Amino acid sequence: MAWPPHSIAEAALSGSGVPDVDMDTAWAHLQERLGAAEELVRTAPVNRNALDHAAGMRHLMVLMAVGIDMALRVDPDPVLAVTRSKMDDIVTWGMECPDCVYLNAEMRAGESYRLLGNRGTARYVGLQTMDGIAATANCLVDELELDDDGNFEVILSADEQPGNWLRLVGEHPVLTVRNFLYDWDTETPAALTIERIGPGVDPGERTVAPEVSVARQLYALGDFVPGNLKFFLDFGGAPPTNGFLPPADMSSMGAAAENRPVIGRFELEPGQALILEFEPPTGVYWSVSLGNPWLETINYARHQSSLNGHQAVRDDDGKVRFVLAAEDPGVANWLDTAGHSNGAMLLRCVRTDSAPVPDVRVVPLETVTAELPAGTTMITPAERARVLEDRRRAVHERFYS
């Protein structure tokens, strides 16, 4: 599987991956490729009911929104802020983590930077430099030198520096910061800023005439939408039905090097449930989350579509068991498929001693409680309503306060 071009903005600046065509040709290409994307959604095997179809068409809008934002932010400013990713609980693609606040900074090749700020209180704060989407360096903030209040600074450069340092190389250098929150009500993400060190590159050297760059942007956007759609359809179709692949190294496509994802796929008929069972790993962070057929994380503010190591309830034998279903079975560890006939399952294991592959079995929804241990933690409708309200409030405060 080939990943689409890393950056529409870079295509606009360098012409990489796109031909130089006039505006009319670029616009026609965009329209033709959007039509091809709609046909792919309509005919994809994962499109099995009206909800799946609607989600696929909505996903095209998400990809257009993401691609247009990339296109409009053509040239990164030489003095940067570390900004929140455009992903939240609404704009979601590529199975982003429901526990995460992502921070990003795009930088210029050949320059050096100083990152400084405060760690915050998130369960895990990881720094990753990338060339496009390929990881070049990884570390936990807790591995750096911090003062007693959690403040720190780190140099990002090609040449090693004394003290806190991260390697920064490549033609498309990017910094990604992942803040994984275990307790959504109390933990806070890192607060960071970034500044360029040295004279840098003259911004005028990267100027491209608008009549050239806009045509390139339109053409690249036309490739971006169906390219990402097909990539994630292929990716989501790789695991066995109602099963998981072995733990994977996904650093070549942007995942943190210390993250060992265990990727699965569910497919359920009405009235069926899927039970997942495994020994939870020991370490910094783990979670289970669900995605729809298009590899969008199912809205985790409106649905209990994810649970992490802090939120999930362990059974008396030390194992964790989750029930995937479209209807609430009254089990505390319910994962809501939100009515989708099929979709993705993702067990994230970050800095853990193991990355277990869950045991799975499909059962009738009406027999779920009989399939689980006698001491399984149950939950009343009123308690579920409070849990869901707490999720909505916490996600709103995370992204919109």
# chains A, B, ... in the order shown; residues from 1 in each chain; ligands from 1

$ select_by_dssp --residues "region 199-399 of chain A" --states "strand (DSSP E or B)" --output "PyMOL selection string"
chain A and resi 241+243-244+259+262-267+272-278+283-291+297+306-308+314+320-325+331+334-336+342-352+359-364+378

$ residues_around --residues "region 280-297 of chain A" --least-positions-apart "6" --cutoff "7 Å" --atoms "only C-alpha atoms" --output "PyMOL selection string"
chain A and resi 46+52+56+92-96+124+232-233+236+305-309+319-320+340+342-355

$ atom_distance --atom1 "CA of Tyr219 (chain A)" --atom2 "CA of Gly132 (chain A)"
19.4 Å

$ select_by_dssp --residues "region 253-373 of chain A" --states "alpha helix (DSSP H)" --output "list in words"
Val368, Thr369, Ala370 and Glu371 of chain A

$ decode --residues "region 13-28 of chain A" --atoms "all heavy atoms" --output "PDB file, in the first residue's frame"
ATOM      1  N   LEU A  13       4.460  24.115  -3.255  1.00  0.00           N
ATOM      2  CA  LEU A  13       5.734  24.841  -3.235  1.00  0.00           C
ATOM      3  C   LEU A  13       6.745  24.269  -4.216  1.00  0.00           C
ATOM      4  O   LEU A  13       7.447  25.013  -4.904  1.00  0.00           O
ATOM      5  CB  LEU A  13       6.320  24.811  -1.819  1.00  0.00           C
ATOM      6  CG  LEU A  13       5.555  25.619  -0.765  1.00  0.00           C
ATOM      7  CD1 LEU A  13       6.094  25.301   0.621  1.00  0.00           C
ATOM      8  CD2 LEU A  13       5.663  27.111  -1.045  1.00  0.00           C
ATOM      9  N   SER A  14       6.833  22.951  -4.276  1.00  0.00           N
ATOM     10  CA  SER A  14       7.904  22.330  -5.050  1.00  0.00           C
ATOM     11  C   SER A  14       7.426  21.682  -6.349  1.00  0.00           C
ATOM     12  O   SER A  14       8.231  21.360  -7.213  1.00  0.00           O
ATOM     13  CB  SER A  14       8.590  21.256  -4.203  1.00  0.00           C
ATOM     14  OG  SER A  14       7.713  20.169  -3.964  1.00  0.00           O
ATOM     15  N   GLY A  15       6.122  21.470  -6.466  1.00  0.00           N
ATOM     16  CA  GLY A  15       5.609  20.736  -7.617  1.00  0.00           C
ATOM     17  C   GLY A  15       5.806  19.242  -7.508  1.00  0.00           C
ATOM     18  O   GLY A  15       5.530  18.509  -8.460  1.00  0.00           O
ATOM     19  N   SER A  16       6.257  18.775  -6.329  1.00  0.00           N
ATOM     20  CA  SER A  16       6.530  17.354  -6.135  1.00  0.00           C
ATOM     21  C   SER A  16       5.249  16.534  -6.257  1.00  0.00           C
ATOM     22  O   SER A  16       4.265  16.777  -5.558  1.00  0.00           O
ATOM     23  CB  SER A  16       7.158  17.133  -4.755  1.00  0.00           C
ATOM     24  OG  SER A  16       7.298  15.772  -4.465  1.00  0.00           O
ATOM     25  N   GLY A  17       5.248  15.575  -7.179  1.00  0.00           N
ATOM     26  CA  GLY A  17       4.123  14.653  -7.313  1.00  0.00           C
ATOM     27  C   GLY A  17       2.958  15.173  -8.120  1.00  0.00           C
ATOM     28  O   GLY A  17       1.963  14.463  -8.292  1.00  0.00           O
ATOM     29  N   VAL A  18       3.030  16.409  -8.601  1.00  0.00           N
ATOM     30  CA  VAL A  18       1.931  16.958  -9.406  1.00  0.00           C
ATOM     31  C   VAL A  18       2.508  17.606 -10.658  1.00  0.00           C
ATOM     32  O   VAL A  18       3.591  18.185 -10.626  1.00  0.00           O
ATOM     33  CB  VAL A  18       1.098  17.992  -8.616  1.00  0.00           C
ATOM     34  CG1 VAL A  18       0.427  17.348  -7.422  1.00  0.00           C
ATOM     35  CG2 VAL A  18       1.951  19.168  -8.171  1.00  0.00           C
ATOM     36  N   PRO A  19       1.770  17.524 -11.778  1.00  0.00           N
ATOM     37  CA  PRO A  19       2.234  18.202 -12.987  1.00  0.00           C
ATOM     38  C   PRO A  19       1.900  19.688 -12.927  1.00  0.00           C
ATOM     39  O   PRO A  19       0.981  20.100 -12.217  1.00  0.00           O
ATOM     40  CB  PRO A  19       1.445  17.503 -14.095  1.00  0.00           C
ATOM     41  CG  PRO A  19       0.170  17.097 -13.436  1.00  0.00           C
ATOM     42  CD  PRO A  19       0.536  16.750 -12.010  1.00  0.00           C
ATOM     43  N   ASP A  20       2.644  20.488 -13.643  1.00  0.00           N
ATOM     44  CA  ASP A  20       2.309  21.902 -13.765  1.00  0.00           C
ATOM     45  C   ASP A  20       1.281  22.057 -14.877  1.00  0.00           C
ATOM     46  O   ASP A  20       1.599  21.922 -16.056  1.00  0.00           O
ATOM     47  CB  ASP A  20       3.559  22.735 -14.052  1.00  0.00           C
ATOM     48  CG  ASP A  20       4.309  23.083 -12.775  1.00  0.00           C
ATOM     49  OD1 ASP A  20       3.655  23.175 -11.717  1.00  0.00           O
ATOM     50  OD2 ASP A  20       5.533  23.261 -12.833  1.00  0.00           O
ATOM     51  N   VAL A  21       0.042  22.302 -14.481  1.00  0.00           N
ATOM     52  CA  VAL A  21      -1.062  22.446 -15.430  1.00  0.00           C
ATOM     53  C   VAL A  21      -1.751  23.780 -15.168  1.00  0.00           C
ATOM     54  O   VAL A  21      -1.547  24.419 -14.137  1.00  0.00           O
ATOM     55  CB  VAL A  21      -2.077  21.293 -15.283  1.00  0.00           C
ATOM     56  CG1 VAL A  21      -1.426  19.962 -15.619  1.00  0.00           C
ATOM     57  CG2 VAL A  21      -2.668  21.252 -13.871  1.00  0.00           C
ATOM     58  N   ASP A  22      -2.586  24.213 -16.113  1.00  0.00           N
ATOM     59  CA  ASP A  22      -3.300  25.466 -15.914  1.00  0.00           C
ATOM     60  C   ASP A  22      -4.470  25.253 -14.955  1.00  0.00           C
ATOM     61  O   ASP A  22      -4.813  24.124 -14.583  1.00  0.00           O
ATOM     62  CB  ASP A  22      -3.761  26.052 -17.243  1.00  0.00           C
ATOM     63  CG  ASP A  22      -4.717  25.127 -18.006  1.00  0.00           C
ATOM     64  OD1 ASP A  22      -5.526  24.414 -17.368  1.00  0.00           O
ATOM     65  OD2 ASP A  22      -4.644  25.107 -19.249  1.00  0.00           O
ATOM     66  N   MET A  23      -5.090  26.365 -14.540  1.00  0.00           N
ATOM     67  CA  MET A  23      -6.122  26.312 -13.513  1.00  0.00           C
ATOM     68  C   MET A  23      -7.324  25.486 -13.952  1.00  0.00           C
ATOM     69  O   MET A  23      -7.883  24.718 -13.161  1.00  0.00           O
ATOM     70  CB  MET A  23      -6.560  27.730 -13.163  1.00  0.00           C
ATOM     71  CG  MET A  23      -7.159  27.862 -11.775  1.00  0.00           C
ATOM     72  SD  MET A  23      -5.900  27.724 -10.477  1.00  0.00           S
ATOM     73  CE  MET A  23      -5.016  29.269 -10.697  1.00  0.00           C
ATOM     74  N   ASP A  24      -7.741  25.619 -15.217  1.00  0.00           N
ATOM     75  CA  ASP A  24      -8.904  24.872 -15.681  1.00  0.00           C
ATOM     76  C   ASP A  24      -8.652  23.368 -15.628  1.00  0.00           C
ATOM     77  O   ASP A  24      -9.528  22.587 -15.233  1.00  0.00           O
ATOM     78  CB  ASP A  24      -9.260  25.294 -17.114  1.00  0.00           C
ATOM     79  CG  ASP A  24      -9.838  26.703 -17.178  1.00  0.00           C
ATOM     80  OD1 ASP A  24     -10.228  27.221 -16.118  1.00  0.00           O
ATOM     81  OD2 ASP A  24      -9.885  27.285 -18.281  1.00  0.00           O
ATOM     82  N   THR A  25      -7.453  22.965 -16.026  1.00  0.00           N
ATOM     83  CA  THR A  25      -7.121  21.539 -16.005  1.00  0.00           C
ATOM     84  C   THR A  25      -7.072  21.017 -14.572  1.00  0.00           C
ATOM     85  O   THR A  25      -7.541  19.908 -14.277  1.00  0.00           O
ATOM     86  CB  THR A  25      -5.769  21.303 -16.702  1.00  0.00           C
ATOM     87  OG1 THR A  25      -5.838  21.791 -18.048  1.00  0.00           O
ATOM     88  CG2 THR A  25      -5.416  19.826 -16.726  1.00  0.00           C
ATOM     89  N   ALA A  26      -6.492  21.816 -13.654  1.00  0.00           N
ATOM     90  CA  ALA A  26      -6.415  21.413 -12.251  1.00  0.00           C
ATOM     91  C   ALA A  26      -7.810  21.271 -11.644  1.00  0.00           C
ATOM     92  O   ALA A  26      -8.091  20.316 -10.910  1.00  0.00           O
ATOM     93  CB  ALA A  26      -5.597  22.432 -11.464  1.00  0.00           C
ATOM     94  N   TRP A  27      -8.700  22.205 -11.954  1.00  0.00           N
ATOM     95  CA  TRP A  27     -10.064  22.154 -11.422  1.00  0.00           C
ATOM     96  C   TRP A  27     -10.813  20.942 -11.967  1.00  0.00           C
ATOM     97  O   TRP A  27     -11.537  20.257 -11.238  1.00  0.00           O
ATOM     98  CB  TRP A  27     -10.794  23.442 -11.758  1.00  0.00           C
ATOM     99  CG  TRP A  27     -12.182  23.528 -11.187  1.00  0.00           C
ATOM    100  CD1 TRP A  27     -13.359  23.443 -11.862  1.00  0.00           C
ATOM    101  CD2 TRP A  27     -12.533  23.713  -9.804  1.00  0.00           C
ATOM    102  NE1 TRP A  27     -14.431  23.560 -11.002  1.00  0.00           N
ATOM    103  CE2 TRP A  27     -13.949  23.733  -9.731  1.00  0.00           C
ATOM    104  CE3 TRP A  27     -11.793  23.867  -8.637  1.00  0.00           C
ATOM    105  CZ2 TRP A  27     -14.634  23.894  -8.531  1.00  0.00           C
ATOM    106  CZ3 TRP A  27     -12.480  24.033  -7.437  1.00  0.00           C
ATOM    107  CH2 TRP A  27     -13.876  24.035  -7.387  1.00  0.00           C
ATOM    108  N   ALA A  28     -10.637  20.671 -13.238  1.00  0.00           N
ATOM    109  CA  ALA A  28     -11.285  19.497 -13.841  1.00  0.00           C
ATOM    110  C   ALA A  28     -10.762  18.208 -13.213  1.00  0.00           C
ATOM    111  O   ALA A  28     -11.529  17.262 -12.975  1.00  0.00           O
ATOM    112  CB  ALA A  28     -11.054  19.494 -15.352  1.00  0.00           C
TER     113      ALA A  28
END
